[in-house]
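Contents: one structure, followed by commentary.
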Amino acid sequence: MNYIETQAIIIGGGATGTGTLRDLTLRGIDSVLIEKNDIASGTTGRNHGLLHSGARYAVKDLESATECIAENMILKKIARHCVEDTGGLFVTLPEDDPSYHGKLLESCKFAGIPAHELSTKEALDLEPNLNPNILSAIRVPDGTIDPFRLASANILDSTERGGKVFTHCDVISLIKEGDAVQGVRCYDRVKGMEFEVRGDIVVNAAGVWGQHICALAGVELKMFPSKGSMVIIDYRINNIVVNRCRVPSDGDIIVPGDTVSIIGTTSKKIEYNEIERLIVDDDEIEVLLADGEKLIPNVSKTRVLRAYCGVRPLVDISGDIKGRDISRGIVLVDHEERDSTGGFITIAGGKLMTYRLMAQMTANLVAKKLKVKKKCTTHKHPLPGSEKKIQPMKQIKKFTGISSSVTGSTLYRHGQRVHNILTKDRKNYGLICECEMVTAGEIEYALKKLNVKDIVDLRRRTRIGMGPCQGELCSYRAAGLFVEFEAAGAADSNIMLKDFLEERWKGIKPILWGDALRETEFTYWIYQGLFGLGDIPPKGEGKQ
Amino acid sequence: MNYDCLIIGGGISGLTCGIKCVSEGLRCGIISSGMSALHFSSGSIDLYGYHTDRKIVYQPLDYIERLIIPNELHPYSKCGIDTIREAVSFFSDTVEKEGLELYHNNDYNHFHVSTMGTVKPTYLSQRSVFNDKIKEGFKARSKIAILNFSGFRDFYPELAAENLRKNSLFSLFDIITGEIELPMFRRTEKNPHEFRSMDIARIFDSEKYLPKIADQIVNIAEGALFVGLPAFIGINNFTRIYHRLSELTGMLIYEIPTLPPSILGMRIDNALKSRFAALGGEFIAGDTVSGGEITNGSLDHIHTENHGSTRLRSKFFVLSSGSFFSRGLVSEFNIIREPVFNLKVHAEQDRREWYSQSFFQQESHPFLEYGVETNNTLNPVDAEGGTVGNLFCTGAILPHYNPIREGCGGGVSISTGYYAAKKIIEGCRA
């Protein structure tokens with residue numbers, strides 16, 4: 001059996017896990033990360049991508065609010081290429097309780113969140129698509145954050161510093177000597193083989209799946225899964241985050257992100273055994289669209305692109321209470337103290353916004369246990385791609401001859417790393433995904449540098465297949481490029497293509513009407529009618 | 001404006017219907033809102049390809065006669081086997097008159113190779129996909145080269161070769177892949193948007209580079225009997241180019257359909273439109289029919305977006321506006337409608353019944369079988385529940401068949417279009 005030795009092992013490749021890996025490698029601690037699927041494929045990648053100012057929590061949860069505004073400021077510096085400083089609005093609709101407006105202003109002031117009252121005219125000038133009947137508006141420093149890019153940049157920085165990452169690997173058991181955890185036994189699903197990683201400390205950063213990891217270690221930690229659903233609107237119908245000024249509830253936010261806008265979010269308590277097969281329900285879609293339309297009337301005239309949902313990683317530390325009311329606070333458990341199980345730490349709760357802080361707290365504990373003196377520096381060191389302030393004009397000048405939408409999109413997604421991606425070779429900047437302006441060069445870079453194992457992973461690194469056509473044309477091209485760039489064999493690429501379209505289908509099914517149905521019919525004509533992709537036997541099966 | 005027959009929709013079904021009508025001396029117009037499904041088709045005409053368990057049907061006409069005609073709802077059943085046979089041979093003759101020959105394997109299906117290297121049963125194909133030489137070539141052990149043009153991003157020979165190698169039909173063949181460099185195309189390659197099948201097909205049409213291309217093919221394909229190329233060997237001048245390239249290389253050139261636009265499909269589209277015009281038909285492109293007035297079971301007139309309040313009258317009308325993609329049918333949150341006349345539609349009420357759980361599920365998707373309900377002579381039922389006697393529905397707008405799962409889209413479109421034309425001709429002469 002293959003065997004790796006390290007100091008710290010992190011289970012879970014979400015924001016917290018990747019952030020912890022980065023923090024540890026920055027301190028010079030030898031670390032390995034194991035992820036059962038892909039980076040940011042769990043809760044991290046399944047939210048609306050809001051860079052919270054903290055205002056949403058200000059009235060009810062001061063602690064979260066202050067954490068948010070602090071991290072907001074840090075991320076705007078260290079993760080420039082993952083963040084868009086759009087600003088945010090809290091608007092009061094005629095049907096809303098007008099007193100919440102004042103409460104919010106007051107609470108923001110108390111939490112140190114710069115919040116300013118705007119006239120409704122000023123708000124409409126800033127965001128012309130806004131419902132013209134709003135009664136009042138507050139401006140806050142909300143923004144947007146791309147969780148895929150964020151997690152990937154954390155990984156990239158770690159691997160460049162010697163950290164190791166294994167994606168698509170299941171943790172099948174924890175290795176224990178007496179009461180202490182000393183490593184993990186894994187199964188690599190791509191290679192189809194088992195391997196072991198041994199280390200002094202195992203960090204459980206598996207989010208809601210952490211309950212299972214705890215069980216493997218023989219300790220009990222109960223998660224409290226709560227499903228949140230969102231719908232994606234096929235245009236960027238707002239340029240500023242629009243929040244509804246009321247007690248947080250379903251369908252009260254529209255976040256612009258890249259080329260789309262996202263309406264969020266619902267909150268439904270679910271059983272732990274349901275977390276692997278989450279479905280967006282029709283009533284959720286109806287609520288999100290109806291409430292979204294109240295904020296931005298254009299919602300009703302715009303194509304719905306997808307619906308998706310995630311599970312909030314809340315830890316059940318108290319009794320049985322409703323999903324939205326439970327503390328989203330950070331829970332760091334030293335199982336040596338709590339359960340007398342040495343070498344095992346769980347980091348849970350929290351949110352995407354506080355991932356860096358959670359990583360810092362975890363790494364502090366790991367460093368203490370390993371007797372490493374180095375302090376956290378993740379708030380100072382910019383992530384790869386965000387080293388310098390982006391100067392678009394100067395950057396683009398260097399790539400004269402390449403269409404500026406290509407240069408702009410690459411720069412937007414990869415920041416300074418655009419220099420490792422784009423070249424003036426025609427083959428490099430040939431477009432593969434027209435919706436999102438992804439080039440062959442960007443795909444080659446992702447395949448070689450960003451831990452991409454299949455087309456679904458590639459989508460998270462590049463946005464390929466995320467646009468209006470949902471991978472209709474580019475997914476076949478991507479499958480071809482896996483072979484061309486020697487990232488996979490032809491047989492695996494064919495299967496990957498099928499898997500990718502099945503994965504896209506999951507988010508299309510719930511919103512299958514109008515243009516989504518038209519697009520689906522077209523995609524089906526191509527991939528089944530024209531290509532016969534469904535007739536290709538699954539891996540391992542014989543001749544046709 | 002007064003017509004004998006006015007057709008809404010200029011796809012394969014509307015065109016077949018229109019050509020038949022004008023060939024019998026009727027005054028006929030076709031209103032077309034844009035490019036049709038031919039632009040993303042294989043360019044072969046499928047009559048019937050698959051049993052319900054996905055096993056291949058070898059003799060489609062026989063199969064239709066024995067197993068499909070008894071199902072009275074199926075559009076083929078409404079046409080009858082004789083009309084289907086007539087329609088297919090009429091269609092072949094029509095495109096042949098425009099210089100595009102279609103080949104069939106007597107009463108049997110033949111196979112065409114898809115972009116993914118899967119093989120699909122079909123009935124009529126262009127010379128570059130099926131002919132006697134290609135059929136003969138399959139009898140002996142030999143070599144197949146699948147080539148791409150360097151820089152062309154809509155075809156990946158390795159993906160196709162992998163699946164062909166796994167297919168027992170190809171077990172006698174040595175399959176290689178390669179790339180042809182075309183330095184003279186570099187200008188086209190410059191803009192990432194401008195290197196699609198259309199752009200290359202236009203260059204082929206010029207004939208200028210054929211000798212150079214042939215040299216490259218011979219070099220890279222090294223003694224192969226078959227050379228598979230992505231389908232773009234000319235559009236307007238295809239037959240001549242195909243012969244020249246075969247002569248120059250001494251190899252059997254085989255075309256594989258690519259991602260849209262489908263050059264194989266466009267050749268058929270061009271041939272049909274050209275035939276329709278040659279016979280005096282009036283093709284009104286870029287206009288959309290917005291509605292019409294049905295009184296006493298008869299469609300009196302229609303109006304279009306471009307013609308405003310002008311009433312377009314005709315003795316007979318045909319609705320061949322396609323399915324969802326072509327907007328012949330539209331879907332909303334929980335309803336499926338026919339948008340022009342609000343005709344009665346066969347569809348499930350609950351949206352969750354419209355689709356299957358997996359995208360590639362063998363049963364395919366129910367929404368593909370939705371469409372406008374008609375009587376046995378393809379006349380639809382209007383919102384009031386009455387039959388509209390002078391309106392016929394043809395092609396993909398019809399329900400109760402699944403063009404992809406059954407492999408019968410082209411056949412149904414041609415047969416129902418032809419059937420409607422016969423009924424209209426009868427009606428005009430009565």
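In the structure tokens, chains take letters A, B, ... by order of appearance, with residues numbered from 1 within each chain and ligands from 1 in the order shown.
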Polymer residues at most 10 Å from B:Ser326, only C-alpha atoms, same-chain spacing of 2 or more positions, as a PyMOL selection string: (chain A and resi 518+521-522) or (chain B and resi 9+11+33-37+320-324+328-330+396-397)
Interface list for chain A, partner chain B, 6 Å threshold, only C-alpha atoms, as a PyMOL selection string: chain A and resi 430-431+480+490+502+513-514+518+529-531+534+543-544
All residues 12 Å or closer to A:Lys76, only C-alpha atoms, same chain fewer than 4 positions away omitted, as a PyMOL selection string: chain A and resi 51-53+68-72+80-87+141-145+150+353+379-380+382-383+386-387+389
8 Å contact set for B:Cys28, only C-alpha atoms, chain neighbours under 6 positions out, as number ranges by chain: B: 3-7, 18, 21-22, 281-282
Export of the given selection (N, CA and C atoms) as an mmCIF file, in the first residue's frame:
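Saved result, selection_27.cif, follows:
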data_model
loop_
_atom_site.group_PDB
_atom_site.id
_atom_site.type_symbol
_atom_site.label_atom_id
_atom_site.label_comp_id
_atom_site.auth_asym_id
_atom_site.auth_seq_id
_atom_site.Cartn_x
_atom_site.Cartn_y
_atom_site.Cartn_z
ATOM 1 N N TYR B 3 -53.306 32.325 -51.232
ATOM 2 C CA TYR B 3 -52.545 31.106 -51.532
ATOM 3 C C TYR B 3 -53.484 29.900 -51.579
ATOM 4 N N ASP B 4 -53.000 28.857 -52.215
ATOM 5 C CA ASP B 4 -53.668 27.562 -52.067
ATOM 6 C C ASP B 4 -53.235 26.945 -50.743
ATOM 7 N N CYS B 5 -51.951 27.149 -50.487
ATOM 8 C CA CYS B 5 -51.390 26.520 -49.289
ATOM 9 C C CYS B 5 -50.334 27.424 -48.677
ATOM 10 N N LEU B 6 -50.502 27.709 -47.407
ATOM 11 C CA LEU B 6 -49.541 28.544 -46.702
ATOM 12 C C LEU B 6 -48.981 27.728 -45.537
ATOM 13 N N ILE B 7 -47.655 27.632 -45.522
ATOM 14 C CA ILE B 7 -47.008 26.741 -44.563
ATOM 15 C C ILE B 7 -46.270 27.553 -43.514
ATOM 16 N N GLY B 18 -44.276 21.758 -48.977
ATOM 17 C CA GLY B 18 -44.347 22.850 -49.952
ATOM 18 C C GLY B 18 -43.904 22.417 -51.340
ATOM 19 N N CYS B 21 -46.536 20.385 -52.972
ATOM 20 C CA CYS B 21 -47.649 21.232 -53.398
ATOM 21 C C CYS B 21 -47.307 22.015 -54.670
ATOM 22 N N VAL B 22 -46.156 22.677 -54.686
ATOM 23 C CA VAL B 22 -45.829 23.477 -55.877
ATOM 24 C C VAL B 22 -45.590 22.588 -57.096
ATOM 25 N N GLY B 281 -42.272 28.287 -55.668
ATOM 26 C CA GLY B 281 -42.756 28.512 -54.302
ATOM 27 C C GLY B 281 -42.219 29.826 -53.755
ATOM 28 N N GLU B 282 -42.937 30.370 -52.797
ATOM 29 C CA GLU B 282 -42.531 31.656 -52.229
ATOM 30 C C GLU B 282 -42.042 31.439 -50.798
#
Helix (DSSP H, G or I) call set, DSSP backbone run, stretch 218-359 of chain A, as a PyMOL selection string: chain A and resi 272-274+282-295+297-301+335-339+352-359
Take the residues from that selection and put them in a file with C-alpha atoms, as a PDB file, in the first residue's frame.
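Produced file out.pdb, reproduced below:
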ATOM      1  CA  TYR A 272     -28.506  13.836   8.250  1.00  0.00           C
ATOM      2  CA  ASN A 273     -29.036  10.881   5.930  1.00  0.00           C
ATOM      3  CA  GLU A 274     -30.493  13.210   3.289  1.00  0.00           C
ATOM      4  CA  ASP A 282     -40.899  23.333  -6.362  1.00  0.00           C
ATOM      5  CA  ASP A 283     -42.220  25.402  -3.451  1.00  0.00           C
ATOM      6  CA  GLU A 284     -38.698  26.741  -2.862  1.00  0.00           C
ATOM      7  CA  ILE A 285     -38.411  27.806  -6.492  1.00  0.00           C
ATOM      8  CA  GLU A 286     -41.780  29.513  -6.342  1.00  0.00           C
ATOM      9  CA  VAL A 287     -40.862  31.427  -3.176  1.00  0.00           C
ATOM     10  CA  LEU A 288     -37.463  32.479  -4.505  1.00  0.00           C
ATOM     11  CA  LEU A 289     -38.834  33.713  -7.816  1.00  0.00           C
ATOM     12  CA  ALA A 290     -41.830  35.454  -6.264  1.00  0.00           C
ATOM     13  CA  ASP A 291     -39.742  37.211  -3.619  1.00  0.00           C
ATOM     14  CA  GLY A 292     -36.904  37.902  -6.050  1.00  0.00           C
ATOM     15  CA  GLU A 293     -39.354  39.664  -8.325  1.00  0.00           C
ATOM     16  CA  LYS A 294     -40.363  41.939  -5.469  1.00  0.00           C
ATOM     17  CA  LEU A 295     -36.774  43.164  -5.162  1.00  0.00           C
ATOM     18  CA  PRO A 297     -39.164  43.155 -11.098  1.00  0.00           C
ATOM     19  CA  ASN A 298     -37.096  42.031 -14.121  1.00  0.00           C
ATOM     20  CA  VAL A 299     -36.668  38.625 -12.484  1.00  0.00           C
ATOM     21  CA  SER A 300     -39.993  37.515 -13.912  1.00  0.00           C
ATOM     22  CA  LYS A 301     -38.896  38.363 -17.454  1.00  0.00           C
ATOM     23  CA  HIS A 335     -10.966  15.988  20.902  1.00  0.00           C
ATOM     24  CA  GLU A 336      -8.045  15.316  23.229  1.00  0.00           C
ATOM     25  CA  GLU A 337      -9.726  17.543  25.812  1.00  0.00           C
ATOM     26  CA  ARG A 338     -13.325  16.680  24.973  1.00  0.00           C
ATOM     27  CA  ASP A 339     -13.106  12.946  24.290  1.00  0.00           C
ATOM     28  CA  LEU A 352     -17.605  30.998   4.013  1.00  0.00           C
ATOM     29  CA  MET A 353     -16.904  34.569   5.133  1.00  0.00           C
ATOM     30  CA  THR A 354     -15.046  33.438   8.221  1.00  0.00           C
ATOM     31  CA  TYR A 355     -13.148  30.570   6.609  1.00  0.00           C
ATOM     32  CA  ARG A 356      -9.812  32.330   7.064  1.00  0.00           C
ATOM     33  CA  LEU A 357     -10.452  33.057  10.704  1.00  0.00           C
ATOM     34  CA  MET A 358     -11.529  29.441  11.253  1.00  0.00           C
ATOM     35  CA  ALA A 359      -8.367  28.264   9.511  1.00  0.00           C
TER      36      ALA A 359
END
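With only C-alpha atoms as the atoms that count, the minimum distance from B:Asp62 to the choices B:Asp300, B:Glu222, B:Glu181, B:Asp107 is reached by B:Asp107.
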Those of stretch 51-205 of chain B in DSSP strand (DSSP E), formatted as a list in words: Leu102, Tyr103, His110, Phe111, His112, Val113, Val119, Lys120, Pro121, Thr122, Ser125, Gln126, Ser142, Lys143, Ile144, Ala145, Ile146, Leu147, Asn148, Phe149, Phe173, Asp174, Ile175, Ile176, Thr177, Gly178, Glu179 and Ile180 of chain B
Spatial neighbours of A:Arg198, max dist 7 Å, only C-alpha atoms, sep filter under 2 positions, as a PyMOL selection string: chain A and resi 4-6+182-184+196
Would you output that residue set with N, CA and C atoms, as a compact mmCIF listing (two decimals), in the first residue's frame?
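Output (selection12.txt):
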# COMPACT_ATOMS: atom_id res chain seq x y z
N ILE A 4 2.25 7.74 2.87
CA ILE A 4 2.83 9.09 2.91
C ILE A 4 2.94 9.49 4.36
N GLU A 5 4.04 10.20 4.68
CA GLU A 5 4.18 10.68 6.04
C GLU A 5 4.19 12.21 6.04
N THR A 6 3.52 12.80 7.01
CA THR A 6 3.44 14.26 7.06
C THR A 6 3.26 14.68 8.51
N GLN A 182 -3.56 8.70 14.41
CA GLN A 182 -2.22 8.90 13.86
C GLN A 182 -2.19 8.92 12.34
N GLY A 183 -3.37 8.94 11.74
CA GLY A 183 -3.37 9.01 10.29
C GLY A 183 -4.70 8.60 9.71
N VAL A 184 -4.75 8.55 8.39
CA VAL A 184 -5.98 8.17 7.71
C VAL A 184 -5.70 7.14 6.62
N GLU A 196 -2.33 5.22 2.49
CA GLU A 196 -2.34 5.68 3.88
C GLU A 196 -1.58 6.98 4.02
Residue contacts of A:Gly162 (9 Å, only C-alpha atoms) excluding same-chain residues fewer than 4 positions away, as a ChimeraX atom specification: /A:25,28,30-31,157-158
Contact residues around stretch 262-268 of chain B with only C-alpha atoms at 8 Å, ignoring same-chain residues under 5 positions, as a ChimeraX atom specification: /B:38-44,95,100,126,197-198,201,231-232,234-236,257
